[in-house]
$ cat run_0.cif   # mmCIF, C-alpha atoms and all ligand atoms
data_upload
loop_
_atom_site.label_atom_id
_atom_site.label_comp_id
_atom_site.auth_asym_id
_atom_site.auth_seq_id
_atom_site.Cartn_x
_atom_site.Cartn_y
_atom_site.Cartn_z
CA MET A 251 55.23 -1.88 37.48
CA GLN A 252 52.96 -4.33 39.22
CA ASP A 253 52.85 -7.99 38.52
CA ARG A 254 49.86 -8.81 36.32
CA PRO A 255 48.74 -12.10 34.92
CA SER A 256 49.16 -12.19 31.18
CA ILE A 257 45.58 -12.40 30.08
CA ALA A 258 43.36 -10.57 27.65
CA PRO A 259 42.70 -7.02 28.76
CA GLY A 260 39.39 -6.38 30.47
CA VAL A 261 38.85 -9.94 31.61
CA ASN A 262 39.00 -10.49 35.30
CA THR A 263 40.07 -14.09 35.89
CA GLU A 264 38.98 -14.11 39.47
CA HIS A 265 35.33 -13.40 38.62
CA PHE A 266 35.35 -14.90 35.20
CA ASN A 267 31.90 -16.01 34.34
CA ALA A 268 30.53 -16.69 30.86
CA ASP A 269 27.27 -15.01 31.84
CA GLN A 270 29.05 -11.72 32.29
CA GLU A 271 31.14 -11.83 29.19
CA PRO A 272 30.42 -8.73 27.11
CA LEU A 273 27.97 -9.32 24.32
CA THR A 274 29.17 -7.86 21.05
CA SER A 275 26.93 -6.74 18.24
CA GLN A 276 27.09 -8.80 15.07
CA PHE A 277 27.35 -5.52 13.20
CA ALA A 278 30.17 -4.06 15.30
CA ALA A 279 32.53 -4.26 12.33
CA ASP A 280 30.16 -2.21 10.16
CA PRO A 281 31.30 1.42 10.38
CA ASP A 282 27.81 2.58 9.32
CA MET A 283 26.34 0.85 12.33
CA LEU A 284 28.88 1.61 15.00
CA GLU A 285 27.46 4.91 16.15
CA LEU A 286 23.91 3.51 16.16
CA ILE A 287 24.91 0.50 18.18
CA GLY A 288 26.50 2.87 20.66
CA MET A 289 23.25 4.80 20.97
CA PHE A 290 21.27 1.61 21.39
CA VAL A 291 23.59 0.28 24.06
CA ARG A 292 23.65 3.58 25.96
CA GLU A 293 19.87 3.48 26.17
CA LEU A 294 19.80 -0.05 27.53
CA PRO A 295 20.32 0.86 31.24
CA ALA A 296 17.10 2.88 31.06
CA ARG A 297 15.32 -0.13 29.60
CA VAL A 298 16.75 -2.34 32.32
CA GLU A 299 15.42 0.07 34.93
CA SER A 300 11.95 0.04 33.35
CA LEU A 301 11.99 -3.75 33.32
CA GLN A 302 13.05 -3.94 36.98
CA GLN A 303 10.46 -1.45 38.12
CA ALA A 304 7.72 -3.07 36.09
CA LEU A 305 8.63 -6.47 37.48
CA ALA A 306 8.63 -5.15 41.05
CA ARG A 307 5.21 -3.57 40.59
CA SER A 308 3.92 -6.52 38.54
CA ASP A 309 3.16 -3.95 35.86
CA LEU A 310 2.58 -6.41 33.05
CA ALA A 311 1.61 -3.80 30.48
CA THR A 312 4.96 -1.98 30.75
CA LEU A 313 6.84 -5.26 30.90
CA SER A 314 5.23 -6.40 27.70
CA GLN A 315 5.75 -3.05 25.99
CA VAL A 316 9.45 -2.75 26.81
CA ALA A 317 10.01 -6.38 25.88
CA HIS A 318 8.15 -5.85 22.61
CA GLN A 319 10.36 -2.94 21.65
CA LEU A 320 13.56 -4.74 22.61
CA LYS A 321 12.40 -7.73 20.62
CA GLY A 322 11.93 -5.62 17.52
CA ALA A 323 15.15 -3.68 17.84
CA GLY A 324 17.66 -6.10 19.43
CA GLY A 325 18.37 -8.26 16.41
CA GLY A 326 18.38 -5.24 14.16
CA TYR A 327 21.26 -3.81 16.16
CA GLY A 328 23.08 -7.13 16.03
CA PHE A 329 21.89 -8.65 19.30
CA PRO A 330 19.65 -11.57 18.28
CA SER A 331 19.81 -13.06 21.79
CA ILE A 332 18.11 -9.93 23.13
CA THR A 333 15.37 -10.38 20.57
CA SER A 334 14.72 -14.01 21.47
CA SER A 335 14.90 -13.35 25.22
CA ALA A 336 12.53 -10.38 24.90
CA ALA A 337 10.19 -12.45 22.76
CA GLU A 338 10.08 -15.03 25.55
CA VAL A 339 9.15 -12.37 28.11
CA GLU A 340 6.45 -11.04 25.84
CA ARG A 341 5.14 -14.54 25.26
CA LEU A 342 5.02 -15.36 28.97
CA VAL A 343 3.19 -12.14 29.81
CA LYS A 344 0.65 -12.85 27.10
CA ALA A 345 0.25 -16.43 28.30
CA LYS A 346 -0.28 -15.17 31.87
CA ALA A 347 2.58 -17.37 33.03
CA GLU A 348 3.58 -18.12 36.64
CA VAL A 349 5.39 -15.30 38.40
CA ASP A 350 8.48 -17.49 38.89
CA SER A 351 9.03 -18.21 35.22
CA LEU A 352 8.33 -14.58 34.40
CA HIS A 353 10.96 -13.48 36.95
CA GLU A 354 13.47 -15.83 35.43
CA ALA A 355 12.81 -14.68 31.86
CA VAL A 356 13.00 -10.99 32.78
CA SER A 357 16.25 -11.59 34.68
CA ASP A 358 17.70 -13.28 31.62
CA LEU A 359 16.71 -10.33 29.48
CA ILE A 360 18.16 -7.85 31.96
CA SER A 361 21.42 -9.75 32.13
CA LEU A 362 21.71 -9.78 28.33
CA CYS A 363 21.01 -6.03 28.21
CA ARG A 364 23.72 -5.41 30.81
CA ARG A 365 26.24 -7.47 28.88
CA ALA A 366 25.56 -5.77 25.57
CA SER A 367 28.52 -3.70 24.51
CA SER A 368 29.20 -1.49 21.56
CA ASN A 369 32.92 -2.30 21.52
CA PRO A 370 34.06 -4.41 18.63
CA ARG A 371 35.99 -7.45 19.83
CA MET B 65 15.80 4.49 -11.75
CA ILE B 66 13.11 6.55 -13.45
CA MET B 67 12.67 9.04 -10.64
CA SER B 68 13.60 12.64 -11.13
CA ARG B 69 12.83 13.61 -7.55
CA ARG B 70 13.88 12.14 -4.23
CA GLN B 71 11.33 9.64 -3.00
CA LYS B 72 9.96 9.83 0.54
CA VAL B 73 9.47 6.91 2.91
CA LEU B 74 7.33 7.31 6.01
CA VAL B 75 8.18 4.95 8.87
CA ILE B 76 5.41 4.41 11.43
CA ASP B 77 6.67 2.36 14.37
CA ASP B 78 6.15 2.84 18.09
CA SER B 79 9.63 1.48 18.81
CA GLN B 80 11.95 4.50 18.71
CA GLN B 81 15.02 2.39 18.06
CA MET B 82 13.67 1.12 14.75
CA HIS B 83 13.88 4.53 13.11
CA PRO B 84 17.63 5.23 13.10
CA LEU B 85 18.20 1.59 12.23
CA ILE B 86 16.00 1.77 9.15
CA GLN B 87 17.62 5.09 8.27
CA VAL B 88 21.07 3.53 8.17
CA ARG B 89 19.91 0.40 6.36
CA LEU B 90 18.21 2.40 3.61
CA ARG B 91 20.97 4.96 3.24
CA GLY B 92 22.11 3.43 -0.03
CA LEU B 93 18.72 4.07 -1.65
CA GLY B 94 18.99 7.84 -1.36
CA VAL B 95 15.45 8.25 -0.05
CA GLU B 96 14.17 10.78 2.44
CA LEU B 97 12.90 9.19 5.65
CA ILE B 98 10.13 10.62 7.80
CA SER B 99 9.36 9.20 11.24
CA ALA B 100 6.12 8.79 13.14
CA TYR B 101 5.85 6.96 16.45
CA ASP B 102 2.12 6.30 16.48
CA GLY B 103 -0.66 5.64 14.01
CA GLN B 104 -2.52 8.94 14.37
CA THR B 105 0.58 11.04 13.73
CA GLY B 106 1.50 8.78 10.82
CA LEU B 107 -1.91 9.27 9.21
CA LYS B 108 -1.64 13.02 9.61
CA ILE B 109 1.76 13.12 7.92
CA ALA B 110 0.62 10.75 5.16
CA THR B 111 -2.29 13.03 4.35
CA GLU B 112 -0.41 16.32 4.55
CA GLU B 113 2.66 15.32 2.58
CA PRO B 114 1.99 11.96 0.97
CA PRO B 115 5.12 9.76 0.92
CA ASP B 116 5.97 7.27 -1.83
CA LEU B 117 5.99 4.35 0.59
CA ILE B 118 4.95 3.65 4.16
CA LEU B 119 6.74 1.17 6.40
CA LEU B 120 4.07 0.34 8.94
CA ASP B 121 4.52 -1.53 12.20
CA VAL B 122 1.58 -3.88 12.79
CA ASN B 123 1.86 -4.11 16.56
CA MET B 124 1.49 -0.65 18.10
CA PRO B 125 -0.29 0.56 21.21
CA GLY B 126 -3.38 2.58 20.37
CA MET B 127 -4.08 2.34 16.69
CA SER B 128 -2.72 -0.89 15.21
CA GLY B 129 -0.94 -0.99 11.85
CA PHE B 130 -3.91 -2.78 10.29
CA GLU B 131 -6.24 0.00 11.45
CA VAL B 132 -3.89 2.64 10.08
CA CYS B 133 -3.75 0.83 6.73
CA GLN B 134 -7.51 0.63 6.55
CA VAL B 135 -7.85 4.38 7.00
CA LEU B 136 -5.10 5.02 4.43
CA LYS B 137 -6.82 2.87 1.85
CA GLU B 138 -10.20 4.52 2.41
CA SER B 139 -9.02 8.02 1.62
CA SER B 140 -8.52 9.13 -1.96
CA GLN B 141 -5.51 11.20 -0.89
CA THR B 142 -3.62 8.24 0.51
CA HIS B 143 -4.95 5.03 -1.04
CA ASP B 144 -2.32 4.90 -3.78
CA ILE B 145 0.58 4.95 -1.29
CA PRO B 146 2.10 1.46 -1.07
CA VAL B 147 2.37 -0.02 2.42
CA ILE B 148 4.93 -2.54 3.67
CA PHE B 149 4.07 -4.04 7.03
CA LEU B 150 6.73 -4.59 9.69
CA THR B 151 6.06 -7.52 11.98
CA GLY B 152 7.94 -9.42 14.64
CA ALA B 153 9.24 -12.76 13.38
CA ASP B 154 7.42 -14.59 16.17
CA GLU B 155 4.14 -12.75 15.81
CA SER B 156 1.42 -14.84 14.27
CA VAL B 157 0.08 -12.01 12.20
CA ASN B 158 -2.68 -12.69 9.73
CA LYS B 159 -0.70 -11.79 6.61
CA VAL B 160 -3.60 -12.37 4.29
CA LYS B 161 -5.59 -9.77 6.18
CA GLY B 162 -2.80 -7.27 5.58
CA PHE B 163 -2.76 -7.98 1.85
CA ASP B 164 -6.55 -7.67 1.77
CA LEU B 165 -6.16 -4.25 3.34
CA GLY B 166 -3.90 -3.26 0.46
CA ALA B 167 -0.39 -3.95 1.74
CA VAL B 168 2.19 -4.70 -0.94
CA ASP B 169 4.65 -6.60 1.21
CA TYR B 170 5.85 -7.72 4.64
CA VAL B 171 9.21 -7.42 6.35
CA THR B 172 9.87 -9.27 9.60
CA LYS B 173 11.80 -7.71 12.46
CA PRO B 174 14.63 -8.06 13.15
CA PHE B 175 15.14 -7.60 9.46
CA ASP B 176 17.91 -8.67 7.20
CA PRO B 177 19.39 -5.39 5.88
CA ALA B 178 19.69 -6.62 2.29
CA GLU B 179 16.15 -7.94 2.30
CA LEU B 180 14.72 -4.71 3.69
CA CYS B 181 16.56 -2.75 1.01
CA ALA B 182 15.39 -5.04 -1.77
CA ARG B 183 11.75 -4.95 -0.71
CA VAL B 184 11.74 -1.19 -0.26
CA ARG B 185 13.46 -0.66 -3.60
CA ALA B 186 10.95 -2.90 -5.39
CA ALA B 187 7.99 -1.06 -3.87
CA LEU B 188 9.47 2.36 -4.71
CA ASN B 189 10.14 1.33 -8.30
CA THR B 190 6.55 0.21 -8.75
CA LYS B 191 5.35 3.44 -7.20
CA ALA B 192 7.51 5.48 -9.57
CA LEU B 193 6.08 3.60 -12.55
CA MET B 194 2.52 4.15 -11.32
CA ASP B 195 3.25 7.84 -10.88
CA LEU B 196 4.57 7.98 -14.41
CA LEU B 197 1.47 6.26 -15.77
CA THR B 198 -0.96 8.47 -13.91
CA THR B 199 0.72 11.84 -14.26
CA GLN B 200 2.24 11.69 -17.71
CA GLY B 201 0.53 8.60 -18.91
CA GLN B 202 -2.82 7.37 -19.88
CA ILE B 203 -4.23 5.66 -16.83
CA ASP B 204 -6.74 7.10 -14.40
CA GLY B 205 -5.19 6.72 -10.95
CA LEU B 206 -8.42 6.02 -9.09
CA THR B 207 -10.05 3.43 -11.34
CA GLY B 208 -7.21 2.06 -13.47
CA LEU B 209 -9.23 2.82 -16.61
CA HIS B 210 -7.83 4.92 -19.45
CA ASN B 211 -7.87 8.61 -18.64
CA ARG B 212 -9.36 11.55 -20.47
CA ARG B 213 -6.14 12.35 -22.30
CA TYR B 214 -6.00 8.84 -23.74
CA PHE B 215 -9.69 8.95 -24.60
CA ASP B 216 -9.32 12.11 -26.69
CA GLU B 217 -6.34 10.72 -28.55
CA ARG B 218 -7.83 7.28 -29.11
CA LEU B 219 -11.22 8.54 -30.27
CA GLY B 220 -9.44 10.67 -32.87
CA GLN B 221 -7.56 7.60 -34.11
CA GLU B 222 -10.69 5.44 -34.22
CA LEU B 223 -12.59 8.09 -36.17
CA ALA B 224 -9.77 8.31 -38.68
CA ALA B 225 -9.69 4.53 -39.01
CA GLY B 226 -13.49 4.43 -39.30
CA HIS B 227 -13.36 6.94 -42.11
CA ARG B 228 -10.61 5.07 -43.94
CA TYR B 229 -12.28 1.65 -43.74
CA GLU B 230 -15.86 3.01 -43.83
CA ARG B 231 -16.85 1.32 -40.64
CA PRO B 232 -18.93 2.70 -37.78
CA VAL B 233 -17.54 3.90 -34.45
CA GLY B 234 -19.81 3.71 -31.40
CA LEU B 235 -19.54 5.81 -28.27
CA LEU B 236 -21.17 5.50 -24.88
CA MET B 237 -21.16 8.39 -22.43
CA ILE B 238 -22.10 7.01 -19.03
CA ASP B 239 -22.96 8.93 -15.89
CA LEU B 240 -23.52 7.47 -12.44
CA ASP B 241 -26.95 8.55 -11.17
CA HIS B 242 -27.13 10.77 -8.09
CA PHE B 243 -23.42 10.43 -7.40
CA LYS B 244 -23.24 13.75 -5.58
CA SER B 245 -25.71 12.52 -3.00
CA ILE B 246 -23.61 9.34 -2.54
CA ASN B 247 -20.58 11.50 -1.78
CA ASP B 248 -22.57 13.84 0.48
CA THR B 249 -24.27 11.03 2.38
CA PHE B 250 -21.50 8.45 2.70
CA GLY B 251 -18.34 10.54 2.29
CA HIS B 252 -15.69 10.66 -0.41
CA PRO B 253 -13.91 7.41 0.52
CA LYS B 254 -17.13 5.48 -0.11
CA GLY B 255 -17.72 7.55 -3.23
CA ASP B 256 -14.29 6.53 -4.49
CA GLN B 257 -15.02 2.90 -3.73
CA VAL B 258 -18.23 3.15 -5.74
CA LEU B 259 -16.33 4.68 -8.69
CA ARG B 260 -13.76 1.89 -8.59
CA LYS B 261 -16.39 -0.80 -8.46
CA PHE B 262 -18.26 0.93 -11.27
CA ALA B 263 -15.09 0.82 -13.37
CA ASP B 264 -14.68 -2.90 -12.63
CA VAL B 265 -18.23 -3.66 -13.75
CA LEU B 266 -17.71 -1.58 -16.87
CA THR B 267 -14.54 -3.45 -17.81
CA GLN B 268 -16.14 -6.82 -17.21
CA THR B 269 -19.24 -5.99 -19.21
CA CYS B 270 -17.64 -4.50 -22.31
CA ARG B 271 -15.73 -6.47 -24.92
CA ALA B 272 -11.96 -6.61 -24.81
CA THR B 273 -11.81 -4.46 -27.95
CA ASP B 274 -13.92 -1.70 -26.37
CA VAL B 275 -11.98 1.17 -24.86
CA THR B 276 -13.20 1.97 -21.34
CA CYS B 277 -12.26 5.39 -19.96
CA ARG B 278 -12.94 7.64 -17.03
CA TYR B 279 -14.03 10.84 -18.68
CA GLY B 280 -13.99 12.86 -15.46
CA GLY B 281 -15.75 12.88 -12.09
CA GLU B 282 -18.50 10.28 -12.21
CA GLU B 283 -18.64 10.28 -16.01
CA PHE B 284 -17.27 7.38 -18.01
CA ALA B 285 -16.90 6.81 -21.75
CA VAL B 286 -16.61 3.68 -23.86
CA ILE B 287 -15.35 3.74 -27.45
CA LEU B 288 -16.67 0.80 -29.47
CA PRO B 289 -14.57 0.40 -32.62
CA ALA B 290 -16.29 -1.19 -35.61
CA SER B 291 -19.67 -1.26 -33.87
CA THR B 292 -23.04 -0.24 -35.26
CA LEU B 293 -25.52 1.85 -33.28
CA GLU B 294 -27.46 -1.33 -32.55
CA LEU B 295 -24.39 -3.13 -31.17
CA SER B 296 -23.34 -0.10 -29.15
CA HIS B 297 -26.87 0.23 -27.78
CA GLN B 298 -26.85 -3.44 -26.76
CA CYS B 299 -23.56 -2.93 -24.96
CA GLY B 300 -25.04 0.05 -23.10
CA VAL B 301 -28.06 -2.01 -22.04
CA ARG B 302 -25.74 -4.73 -20.72
CA VAL B 303 -23.79 -2.15 -18.72
CA LEU B 304 -26.94 -0.68 -17.16
CA ASP B 305 -28.12 -4.16 -16.28
CA ALA B 306 -24.82 -5.17 -14.71
CA ILE B 307 -24.60 -1.96 -12.67
CA ARG B 308 -28.16 -2.26 -11.42
CA LYS B 309 -27.66 -5.87 -10.36
CA CYS B 310 -24.16 -5.58 -8.91
CA PRO B 311 -24.38 -6.65 -5.24
CA ASP B 312 -21.10 -4.96 -4.29
CA PHE B 313 -22.66 -1.49 -4.26
CA VAL B 314 -25.03 -2.69 -1.55
CA ASP B 315 -22.00 -3.81 0.44
CA ILE B 316 -20.36 -0.41 0.04
CA ILE B 317 -23.25 2.03 0.59
CA GLY B 318 -26.16 -0.19 1.54
CA ARG B 319 -28.09 0.24 -1.69
CA PRO B 320 -27.80 -0.45 -5.40
CA VAL B 321 -26.51 2.07 -7.90
CA THR B 322 -27.81 3.00 -11.34
CA ALA B 323 -26.40 4.87 -14.32
CA SER B 324 -27.63 6.72 -17.39
CA ILE B 325 -26.14 6.37 -20.85
CA GLY B 326 -26.12 8.33 -24.06
CA VAL B 327 -25.09 6.40 -27.15
CA ALA B 328 -23.93 7.81 -30.48
CA CYS B 329 -22.56 6.13 -33.55
CA ALA B 330 -21.24 7.24 -36.90
CA VAL B 331 -19.39 6.11 -39.97
CA PRO B 332 -17.17 9.16 -39.73
CA SER B 333 -16.77 11.67 -42.54
CA ASP B 334 -13.28 13.03 -43.05
CA ARG B 335 -14.32 16.19 -41.19
CA MET B 336 -15.70 14.46 -38.15
CA THR B 337 -13.94 15.47 -34.95
CA PRO B 338 -14.09 13.62 -31.60
CA ALA B 339 -15.97 16.63 -30.18
CA VAL B 340 -18.89 16.07 -32.56
CA LEU B 341 -19.45 12.48 -31.49
CA VAL B 342 -18.92 13.29 -27.80
CA GLU B 343 -21.39 16.14 -27.99
CA ALA B 344 -24.00 13.94 -29.65
CA ALA B 345 -23.59 11.20 -27.02
CA ASP B 346 -23.66 13.81 -24.25
CA LYS B 347 -26.95 15.21 -25.52
CA ALA B 348 -28.41 11.72 -25.54
CA LEU B 349 -27.11 11.20 -22.01
CA TYR B 350 -28.89 14.36 -20.93
CA ALA B 351 -32.09 13.06 -22.53
CA ALA B 352 -31.73 9.79 -20.59
CA LYS B 353 -31.33 11.74 -17.35
CA VAL B 354 -34.38 13.89 -18.05
CA ALA B 355 -36.44 10.83 -18.96
CA GLY B 356 -35.88 9.46 -15.45
CA ARG B 357 -32.34 7.98 -15.30
CA ASP B 358 -31.31 4.30 -15.23
CA ARG B 359 -31.80 4.16 -18.98
CA ILE B 360 -30.09 4.65 -22.32
CA ALA B 361 -30.93 7.14 -25.06
CA ALA B 362 -29.57 7.28 -28.60
CA ALA B 363 -28.25 10.36 -30.36
CA GLU B 364 -29.59 11.80 -33.59
CA LEU B 365 -26.62 12.80 -35.68
CA ALA B 366 -27.00 15.13 -38.65
CA HIS B 367 -27.03 13.38 -42.05
CA SER B 368 -23.79 15.00 -43.08
CA GLN B 369 -22.13 12.92 -40.37
CA THR B 370 -23.52 9.78 -41.97
CA VAL B 371 -25.30 8.22 -39.01
CA VAL B 372 -25.53 4.46 -39.08
MG MG C 401 5.60 -2.18 17.64
#
$ encode --input "run_0.cif" --output "C-alpha cells" --more "lines below"
Ligand SMILES: [Mg+2]
Amino acid sequence: MQDRPSIAPGVNTEHFNADQEPLTSQFAADPDMLELIGMFVRELPARVESLQQALARSDLATLSQVAHQLKGAGGGYGFPSITSSAAEVERLVKAKAEVDSLHEAVSDLISLCRRASSNPR
Amino acid sequence: MIMSRRQKVLVIDDSQQMHPLIQVRLRGLGVELISAYDGQTGLKIATEEPPDLILLDVNMPGMSGFEVCQVLKESSQTHDIPVIFLTGADESVNKVKGFDLGAVDYVTKPFDPAELCARVRAALNTKALMDLLTTQGQIDGLTGLHNRRYFDERLGQELAAGHRYERPVGLLMIDLDHFKSINDTFGHPKGDQVLRKFADVLTQTCRATDVTCRYGGEEFAVILPASTLELSHQCGVRVLDAIRKCPDFVDIIGRPVTASIGVACAVPSDRMTPAVLVEAADKALYAAKVAGRDRIAAAELAHSQTVV
C-alpha cells in the first residue's frame, strides 16, 4: 500500500483550487431529482462545446441562445450560479458589450458548467 | 378535486431541459404532460387535443409566447384553455400585456417547485370548475351568459310564478343581423369576439333582475320577470340602441353591428308552456327581420293566453 495523505477522497491537494471544486446541485439529496440532474450534467459538455465554438466564431446568436437555455434550466436543476452566469452572458450579448468582457463572462459560464456534478456531497 | 378524468398540461418551451424538470416537479399532481418545443407545434397540439392548461415560455425563437397566446385566444377551440407564462427572472417582460392577452398567471424560471405546483394546481382547479359549469351546468362557455338549458328551466319557473301571482312575464328573442356574413368575411375568431361583445352589451343594458341567455348560435334571449309588454319593449329598444352605438364592434370588424328583436309578454295561464311564449317572440323576431332588421316587433298572443 502506497503512502497517501489523509485527505478527503477526490481532492487533489497539489492542484487544489476553489474554482475547480465540483459544483453540487442543491437538489442532489432529492431522489426524484437525482436522475434528472445526471441527465442535465451529462449534457453540459455539449453545451460547453457550443459556447466555445460560438465564441470562437463570434456567433452571437448561438451564444445568446445557449446562454438563454442554461439560464432557464440551471437554477431549476439546482445550479443557481449557472443561471446567473448565463444571464450575464445573455445580457452582455444583448447590450453589444466589448469582446473582452464577453470572453470573460463566457469563460466563467464554461467553468461553472465543467464543475457541475451530479454527485451528492 | 372535482375531476373525474386525468387533466392534461401542455408545456411549450424551446429549452429542452425544462420539460423533464417540470415533469418531475408536477408529478404529485397526477397530470398528464405533453411537450412542445416551439410555438407552431404547441398550437397544433392545443387545437388537436386541447389540454386543460398550457405552460407557455415567453422567450422563444420564432413565434414568441405572447404571439402563441394571441392565436390561442382568437380561436374558439382554444380560447378557454388557461395559460401560465414562464419567464426568466431577469427578463423585463411586460406582464400586463400577458394578462391582457388572457394569461391567468406567471411563473419565473428558475422556479420554486412548490410555487410552480401551487400555481398549476390553482389554474387546473379553476379549469375543472369552468368545465363543470359549461358541460353540466348552466353557463354558455363562449359568452358567460346563461345557456339554453338554464333558459328553458328558468322560463318554466317564471311562467309558473307569473301565473301564481298574476303578473306578466316578458321575453325578448334577439338575433344578430347578418351574422353569417360576419363569420364568412372576418372568420370565426372575429365572429366569436362579436358574440362575446354582444353578450357584454346585453348584460349591461338589461336590469339585474332580467335573465340574459344565449339561446344558440347568434340568437339570444332575455326573460323579464314581472314586466309588462311596454316595459319589455322599452328594454328591447335600449338593447338595439346600445348595440348600434357600441364602438367596440368597429374595433373588431371595422363596422357597427345591429340586431333584430321579437318581444312577447303574457300573464301566463296555468296551461302556458315556455314553448308558447318562445314561439310568439320568435314570430315577432321574424317579422322584425322581414321589415328590414335593426328593429323590434311585438307578438300578438291569442286571448286565451291573456296577453298584457
Ligand atoms: Mg425560452
$ residues_around --input "run_0.cif" --residues "Pro311 in chain B" --least-positions-apart "3" --cutoff "8 Å" --atoms "only C-alpha atoms" --output "short mmCIF file (atom, residue, chain, number, x, y, z; two decimals) with C-alpha atoms, in the coordinates of the input"
data_model
loop_
_atom_site.label_atom_id
_atom_site.label_comp_id
_atom_site.auth_asym_id
_atom_site.auth_seq_id
_atom_site.Cartn_x
_atom_site.Cartn_y
_atom_site.Cartn_z
CA VAL B 314 -25.03 -2.69 -1.55
CA ASP B 315 -22.00 -3.81 0.44
CA PRO B 320 -27.80 -0.45 -5.40
#
$ residues_around --input "run_0.cif" --residues "Ala296 in chain A" --least-positions-apart "3" --cutoff "12 Å" --atoms "only C-alpha atoms" --output "short mmCIF file (atom, residue, chain, number, x, y, z; two decimals) with C-alpha atoms, in the frame of the given file"
data_model
loop_
_atom_site.label_atom_id
_atom_site.label_comp_id
_atom_site.auth_asym_id
_atom_site.auth_seq_id
_atom_site.Cartn_x
_atom_site.Cartn_y
_atom_site.Cartn_z
CA MET A 289 23.25 4.80 20.97
CA PHE A 290 21.27 1.61 21.39
CA VAL A 291 23.59 0.28 24.06
CA ARG A 292 23.65 3.58 25.96
CA GLU A 293 19.87 3.48 26.17
CA GLU A 299 15.42 0.07 34.93
CA SER A 300 11.95 0.04 33.35
CA LEU A 301 11.99 -3.75 33.32
CA GLN A 302 13.05 -3.94 36.98
CA GLN A 303 10.46 -1.45 38.12
CA VAL A 316 9.45 -2.75 26.81
CA LEU A 320 13.56 -4.74 22.61
CA ILE A 360 18.16 -7.85 31.96
CA CYS A 363 21.01 -6.03 28.21
CA ARG A 364 23.72 -5.41 30.81
#
$ residues_near_ligand --input "run_0.cif" --ligand "ligand MG 401 (chain C)" --cutoff "8 Å" --atoms "all atoms listed in the file" --output "VMD selection string"
(chain A and resid 318 to 319 322) or (chain B and resid 77 to 79 121 to 125 151)
$ atom_distance --input "run_0.cif" --atom1 "CA of Ala362 in chain B" --atom2 "CA of Val327 in chain B"
4.8 Å
$ closest_atom_pairs --input "run_0.cif" --of "chain B" --to "chain A" --cutoff "12 Å" --atoms "all atoms listed in the file" --output "Markdown table"
| residue | atom | partner | partner_atom | distance |
| --- | --- | --- | --- | --- |
| B:Asp77 | CA | A:Gln319 | CA | 9.7 |
| B:Asp78 | CA | A:Gln319 | CA | 8.0 |
| B:Ser79 | CA | A:Gln319 | CA | 5.3 |
| B:Gln80 | CA | A:Gln319 | CA | 8.2 |
| B:Gln81 | CA | A:Ala323 | CA | 6.1 |
| B:Met82 | CA | A:Ala323 | CA | 5.9 |
| B:His83 | CA | A:Ala323 | CA | 9.6 |
| B:Pro84 | CA | A:Leu286 | CA | 7.2 |
| B:Leu85 | CA | A:Gly326 | CA | 7.1 |
| B:Ile86 | CA | A:Gly326 | CA | 8.9 |
| B:Gln87 | CA | A:Leu286 | CA | 10.2 |
| B:Val88 | CA | A:Asp282 | CA | 6.9 |
| B:Arg89 | CA | A:Asp282 | CA | 8.7 |
| B:Leu90 | CA | A:Asp282 | CA | 11.2 |
| B:Arg91 | CA | A:Asp282 | CA | 9.5 |
| B:Gly92 | CA | A:Asp282 | CA | 11.0 |
| B:Asp121 | CA | A:Gly322 | CA | 10.0 |
| B:Val122 | CA | A:Gly322 | CA | 11.5 |
| B:Asn123 | CA | A:His318 | CA | 8.9 |
| B:Met124 | CA | A:Gln315 | CA | 9.3 |
| B:Pro125 | CA | A:Gln315 | CA | 8.5 |
| B:Leu150 | CA | A:Gly322 | CA | 9.5 |
| B:Thr151 | CA | A:Gly322 | CA | 8.3 |
| B:Gly152 | CA | A:Gly322 | CA | 6.2 |
| B:Ala153 | CA | A:Gly322 | CA | 8.7 |
| B:Asp154 | CA | A:Ala337 | CA | 7.5 |
| B:Glu155 | CA | A:Ala337 | CA | 9.2 |
| B:Ser156 | CA | A:Arg341 | CA | 11.6 |
| B:Val171 | CA | A:Gly322 | CA | 11.6 |
| B:Thr172 | CA | A:Gly322 | CA | 9.0 |
| B:Lys173 | CA | A:Gly322 | CA | 5.5 |
| B:Pro174 | CA | A:Gly326 | CA | 4.8 |
| B:Phe175 | CA | A:Gly326 | CA | 6.2 |
| B:Asp176 | CA | A:Gly326 | CA | 7.8 |
| B:Pro177 | CA | A:Gly326 | CA | 8.3 |
| B:Leu180 | CA | A:Gly326 | CA | 11.1 |
$ residues_around --input "run_0.cif" --residues "Lys161 in chain B" --least-positions-apart "3" --cutoff "12 Å" --atoms "all atoms listed in the file" --output "PyMOL selection string"
chain B and resi 122+129-131+133-134+149+156-158+164-170
$ residues_around --input "run_0.cif" --residues "Ala339 in chain B" --least-positions-apart "6" --cutoff "10 Å" --atoms "all atoms listed in the file" --output "list in words"
Asp216, Leu219, Gly220 and Ala345 of chain B
$ closest_residue --input "run_0.cif" --among "A:Arg365, A:Ser331, A:Leu313, A:Val343" --to "Gln276 in chain A" --atoms "all atoms listed in the file"
A:Ser331
$ atom_distance --input "run_0.cif" --atom1 "CA of Leu136 in chain B" --atom2 "CA of Thr322 in chain B"
27.7 Å
$ atom_distance --input "run_0.cif" --atom1 "CA of Gly205 in chain B" --atom2 "CA of Asp144 in chain B"
7.9 Å
$ residues_around --input "run_0.cif" --residues "range 351-355 of chain A" --least-positions-apart "2" --cutoff "10 Å" --atoms "all atoms listed in the file" --output "list in words"
Gln302, Leu305, Ala306, Ser335, Ala336, Ala337, Glu338, Val339, Glu340, Arg341, Leu342, Val343, Lys346, Ala347, Glu348, Val349, Ser357, Asp358, Leu359, Ile360 and Ser361 of chain A
$ residues_near_point --input "run_0.cif" --point "(-33.7, 11.9, -21.9)" --cutoff "10 Å" --atoms "all atoms listed in the file" --output "list in words"
Ser324, Ile325, Gly326, Lys347, Ala348, Leu349, Tyr350, Ala351, Ala352, Lys353, Val354, Ala355, Gly356, Arg357, Arg359, Ile360, Ala361 and Ala362 of chain B
$ residues_near_point --input "run_0.cif" --point "(9.2, 10.2, 5.5)" --cutoff "12 Å" --atoms "only C-alpha atoms" --output "JSON, numbers by chain"
{"B": [70, 71, 72, 73, 74, 75, 76, 83, 86, 87, 95, 96, 97, 98, 99, 100, 101, 105, 106, 107, 108, 109, 110, 111, 112, 113, 114, 115, 116, 117, 118, 119, 120]}
